[in-house]
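work_15.json (JSON, C-alpha atoms)
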[["chain", "number", "residue", "atom", "x", "y", "z"],
["A", 1, "MET", "CA", -3.90, 82.13, -100.77],
["A", 2, "LEU", "CA", -0.54, 80.43, -100.50],
["A", 3, "ASN", "CA", 1.59, 80.62, -103.63],
["A", 4, "ILE", "CA", 4.22, 77.88, -103.63],
["A", 5, "ALA", "CA", 6.65, 77.42, -106.49],
["A", 6, "PRO", "CA", 5.80, 74.34, -108.56],
["A", 7, "GLY", "CA", 9.24, 72.72, -108.09],
["A", 8, "LEU", "CA", 9.11, 72.64, -104.29],
["A", 9, "HIS", "CA", 8.24, 69.36, -102.59],
["A", 10, "VAL", "CA", 5.56, 69.56, -99.89],
["A", 11, "HIS", "CA", 6.04, 67.38, -96.79],
["A", 12, "LEU", "CA", 3.27, 66.87, -94.21],
["A", 13, "ALA", "CA", 4.55, 65.76, -90.81],
["A", 14, "THR", "CA", 2.58, 62.70, -89.73],
["A", 15, "ALA", "CA", 2.81, 63.45, -86.01],
["A", 16, "PRO", "CA", 1.65, 66.62, -84.20],
["A", 17, "VAL", "CA", 4.22, 69.19, -83.06],
["A", 18, "ASN", "CA", 4.40, 71.74, -80.25],
["A", 19, "PHE", "CA", 2.90, 74.94, -81.64],
["A", 20, "HIS", "CA", 4.94, 77.14, -79.32],
["A", 21, "LEU", "CA", 7.79, 76.58, -81.79],
["A", 22, "ALA", "CA", 8.65, 79.36, -84.23],
["A", 23, "HIS", "CA", 10.77, 79.05, -87.36],
["A", 24, "ALA", "CA", 13.98, 78.00, -85.57],
["A", 25, "GLY", "CA", 12.19, 75.31, -83.55],
["A", 26, "LEU", "CA", 10.36, 73.99, -86.62],
["A", 27, "CYS", "CA", 13.67, 73.82, -88.50],
["A", 28, "GLY", "CA", 14.99, 71.71, -85.64],
["A", 29, "VAL", "CA", 11.99, 69.37, -85.91],
["A", 30, "VAL", "CA", 12.63, 68.98, -89.64],
["A", 31, "ARG", "CA", 16.30, 68.15, -89.12],
["A", 32, "ARG", "CA", 16.00, 66.01, -85.97],
["A", 33, "PHE", "CA", 12.75, 64.10, -86.38],
["A", 34, "LEU", "CA", 11.83, 64.28, -90.07],
["A", 35, "ASP", "CA", 15.35, 63.69, -91.41],
["A", 36, "GLY", "CA", 15.00, 66.60, -93.80],
["A", 37, "GLU", "CA", 16.52, 69.94, -94.69],
["A", 38, "PRO", "CA", 14.29, 72.95, -94.01],
["A", 39, "LEU", "CA", 15.89, 74.92, -96.86],
["A", 40, "HIS", "CA", 14.54, 72.44, -99.38],
["A", 41, "GLY", "CA", 10.80, 72.08, -99.68],
["A", 42, "VAL", "CA", 7.67, 73.09, -97.85],
["A", 43, "TRP", "CA", 7.07, 71.61, -94.39],
["A", 44, "VAL", "CA", 3.53, 71.34, -93.00],
["A", 45, "PHE", "CA", 2.84, 70.74, -89.29],
["A", 46, "TYR", "CA", -0.33, 70.37, -87.23],
["A", 47, "ASN", "CA", -1.04, 70.57, -83.51],
["A", 48, "ARG", "CA", -2.34, 67.79, -81.26],
["A", 49, "ASN", "CA", -5.96, 68.96, -81.56],
["A", 50, "ARG", "CA", -5.67, 69.36, -85.34],
["A", 51, "THR", "CA", -7.12, 72.85, -85.13],
["A", 52, "ASP", "CA", -3.97, 74.59, -86.40],
["A", 53, "LEU", "CA", -1.55, 74.17, -89.30],
["A", 54, "LYS", "CA", 1.87, 75.78, -89.64],
["A", 55, "ILE", "CA", 3.70, 75.83, -92.95],
["A", 56, "LEU", "CA", 7.45, 76.47, -93.12],
["A", 57, "TRP", "CA", 9.48, 77.25, -96.24],
["A", 58, "PHE", "CA", 12.53, 79.24, -97.29],
["A", 59, "GLU", "CA", 12.12, 82.11, -99.71],
["A", 60, "HIS", "CA", 14.39, 84.94, -100.86],
["A", 61, "GLY", "CA", 16.88, 84.96, -98.01],
["A", 62, "GLY", "CA", 14.65, 83.96, -95.10],
["A", 63, "PHE", "CA", 12.23, 81.50, -93.62],
["A", 64, "VAL", "CA", 8.48, 82.04, -93.85],
["A", 65, "VAL", "CA", 6.00, 80.55, -91.39],
["A", 66, "ALA", "CA", 2.30, 80.64, -92.25],
["A", 67, "HIS", "CA", -0.20, 79.71, -89.53],
["A", 68, "LYS", "CA", -3.86, 78.81, -90.06],
["A", 69, "LYS", "CA", -6.08, 78.43, -86.98],
["A", 70, "LEU", "CA", -9.60, 77.08, -87.40],
["A", 71, "CYS", "CA", -12.40, 78.78, -85.48],
["A", 72, "GLN", "CA", -14.44, 75.56, -85.63],
["A", 73, "GLY", "CA", -13.75, 72.00, -86.68],
["A", 74, "ARG", "CA", -10.50, 70.14, -87.23],
["A", 75, "PHE", "CA", -8.14, 69.47, -90.09],
["A", 76, "ARG", "CA", -8.46, 65.95, -91.47],
["A", 77, "ILE", "CA", -4.94, 64.56, -91.58],
["A", 78, "PRO", "CA", -4.69, 61.40, -93.70],
["A", 79, "PRO", "CA", -3.23, 58.37, -91.91],
["A", 80, "PHE", "CA", 0.27, 57.48, -93.09],
["A", 81, "SER", "CA", 3.18, 55.46, -91.80],
["A", 82, "GLY", "CA", 6.52, 57.19, -91.81],
["A", 83, "ALA", "CA", 7.75, 60.60, -90.71],
["A", 84, "THR", "CA", 6.24, 62.63, -93.56],
["A", 85, "LEU", "CA", 3.57, 62.32, -96.20],
["A", 86, "PRO", "CA", 4.39, 63.87, -99.58],
["A", 87, "LEU", "CA", 1.67, 66.22, -100.86],
["A", 88, "THR", "CA", 1.11, 68.01, -104.14],
["A", 89, "ASN", "CA", 0.43, 71.74, -104.16],
["A", 90, "ALA", "CA", -3.21, 70.91, -104.97],
["A", 91, "GLU", "CA", -3.47, 68.56, -101.99],
["A", 92, "LEU", "CA", -2.01, 71.22, -99.68],
["A", 93, "ALA", "CA", -4.54, 73.75, -101.00],
["A", 94, "ALA", "CA", -7.35, 71.22, -100.45],
["A", 95, "LEU", "CA", -6.16, 70.53, -96.89],
["A", 96, "LEU", "CA", -6.13, 74.27, -96.14],
["A", 97, "GLU", "CA", -9.67, 74.57, -97.58],
["A", 98, "GLY", "CA", -11.00, 71.83, -95.30],
["A", 99, "ILE", "CA", -11.22, 68.98, -97.81],
["A", 100, "ASP", "CA", -10.76, 65.51, -96.34],
["A", 101, "LEU", "CA", -7.91, 64.03, -98.38],
["A", 102, "ARG", "CA", -8.77, 60.53, -97.19],
["A", 103, "GLN", "CA", -11.98, 60.61, -99.22],
["A", 104, "ALA", "CA", -10.82, 62.77, -102.12],
["A", 105, "GLN", "CA", -10.20, 61.08, -105.44],
["A", 106, "ARG", "CA", -7.89, 62.28, -108.16],
["A", 107, "LEU", "CA", -9.55, 61.88, -111.54],
["A", 108, "HIS", "CA", -7.56, 60.76, -114.54],
["A", 109, "ARG", "CA", -6.48, 63.67, -116.71],
["A", 110, "TRP", "CA", -5.11, 63.59, -120.21],
["A", 111, "ASN", "CA", -1.55, 64.78, -120.66],
["A", 112, "PRO", "CA", 0.04, 65.32, -124.04],
["A", 113, "PRO", "CA", 2.30, 62.55, -125.25],
["A", 114, "SER", "CA", 5.99, 63.20, -125.59],
["A", 115, "SER", "CA", 5.72, 63.06, -129.40],
["A", 116, "ARG", "CA", 4.08, 66.03, -131.17],
["A", 117, "SER", "CA", 2.60, 63.83, -133.91],
["A", 118, "GLU", "CA", 0.18, 62.16, -131.47],
["A", 119, "ALA", "CA", -1.31, 65.37, -130.06],
["A", 120, "CYS", "CA", -4.87, 66.44, -130.96]]

Take the structure in the file and give it back as structure tokens.
Amino acid sequence: MLNIAPGLHVHLATAPVNFHLAHAGLCGVVRRFLDGEPLHGVWVFYNRNRTDLKILWFEHGGFVVAHKKLCQGRFRIPPFSGATLPLTNAELAALLEGIDLRQAQRLHRWNPPSSRSEAC
């Protein structure tokens, strides 16, 4: 299981990348094509066939690249216009587990109000 710090922003590239790239090449893709900074956030890439995902992030003095390759099937990448699609940690976990984010629905959840007097 991938454990990503809650404060990091997750960015899904909306176009496939060359999976021969390692961390240095993926950093170049982030800077050149996604207009981002690889040191800040989590960057998720997929290949043309959508059978592989690579995840790039910086942690404790170095870059980490995680690679998931499916034995069968394809990842369902949601359609989006723009260079990247922002994801929550939960959406990234769902994508890695094979859940189709295009059909998933986020249910309304109660959150405590800012004032203590209104809490249960």

Selection as a PDB file with C-alpha atoms, in the coordinates of the input: residues within 12 Å of (11.3, 61.8, -86.4), counting only C-alpha atoms:
ATOM      1  CA  ALA A  13       4.550  65.760 -90.810  1.00  0.00           C
ATOM      2  CA  THR A  14       2.580  62.700 -89.730  1.00  0.00           C
ATOM      3  CA  ALA A  15       2.810  63.450 -86.010  1.00  0.00           C
ATOM      4  CA  PRO A  16       1.650  66.620 -84.200  1.00  0.00           C
ATOM      5  CA  VAL A  17       4.220  69.190 -83.060  1.00  0.00           C
ATOM      6  CA  GLY A  28      14.990  71.710 -85.640  1.00  0.00           C
ATOM      7  CA  VAL A  29      11.990  69.370 -85.910  1.00  0.00           C
ATOM      8  CA  VAL A  30      12.630  68.980 -89.640  1.00  0.00           C
ATOM      9  CA  ARG A  31      16.300  68.150 -89.120  1.00  0.00           C
ATOM     10  CA  ARG A  32      16.000  66.010 -85.970  1.00  0.00           C
ATOM     11  CA  PHE A  33      12.750  64.100 -86.380  1.00  0.00           C
ATOM     12  CA  LEU A  34      11.830  64.280 -90.070  1.00  0.00           C
ATOM     13  CA  ASP A  35      15.350  63.690 -91.410  1.00  0.00           C
ATOM     14  CA  GLY A  36      15.000  66.600 -93.800  1.00  0.00           C
ATOM     15  CA  SER A  81       3.180  55.460 -91.800  1.00  0.00           C
ATOM     16  CA  GLY A  82       6.520  57.190 -91.810  1.00  0.00           C
ATOM     17  CA  ALA A  83       7.750  60.600 -90.710  1.00  0.00           C
ATOM     18  CA  THR A  84       6.240  62.630 -93.560  1.00  0.00           C
TER      19      THR A  84
END

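Closest approach to Trp43 (chain A) among A:Leu101, A:Ile55, A:Leu96, A:Ala90 is made by A:Ile55 (distances from only C-alpha atoms).
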
Extract, using only C-alpha atoms, all DNA, RNA and protein residues at most 9 Å from Val64 (chain A), discarding same-chain residues fewer than 5 positions from it, and format them as a PDB file with C-alpha atoms, in the frame of the given file.
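Below is the file that was written, out-v7.pdb:
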ATOM      1  CA  HIS A  23      10.770  79.050 -87.360  1.00  0.00           C
ATOM      2  CA  ILE A  55       3.700  75.830 -92.950  1.00  0.00           C
ATOM      3  CA  LEU A  56       7.450  76.470 -93.120  1.00  0.00           C
ATOM      4  CA  TRP A  57       9.480  77.250 -96.240  1.00  0.00           C
ATOM      5  CA  PHE A  58      12.530  79.240 -97.290  1.00  0.00           C
ATOM      6  CA  GLU A  59      12.120  82.110 -99.710  1.00  0.00           C
TER       7      GLU A  59
END

- Message: When you count all atoms listed in the file, which of these residues is closest to Arg76 (chain A): A:Glu91, A:Asp52, A:Asn3, A:Arg102?
- Response: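 With all atoms listed in the file as the atom set, the closest residue is A:Arg102.
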
- To one decimal in Å, tell me the separation between CA of Pro6 (chain A) and CA of Gln103 (chain A).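 A separation of 24.3 Å between them.
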
- Message: What does the structure give for the distance between CA of Phe75 (chain A) and CA of Gly62 (chain A), in Å to one decimal?
- Response: 27.5 Å

- Message: Calculated over all atoms listed in the file, which of the candidates A:Ile99, A:Ala22, A:Leu39, A:Leu107 has the smallest distance to Val65 (chain A)?
- Response: A:Ala22

- Which distance in Å separates CA of Trp110 (chain A) and CA of Leu85 (chain A), to one decimal? 25.6 Å

- Message: My list of candidates is A:Cys27, A:Leu87, A:Ala94, A:Val44. Which is closest to Ala66 (chain A) when distances are computed with all atoms listed in the file?
- Response: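 When distances to Ala66 (chain A) are compared using all atoms listed in the file, the smallest one comes from A:Val44.
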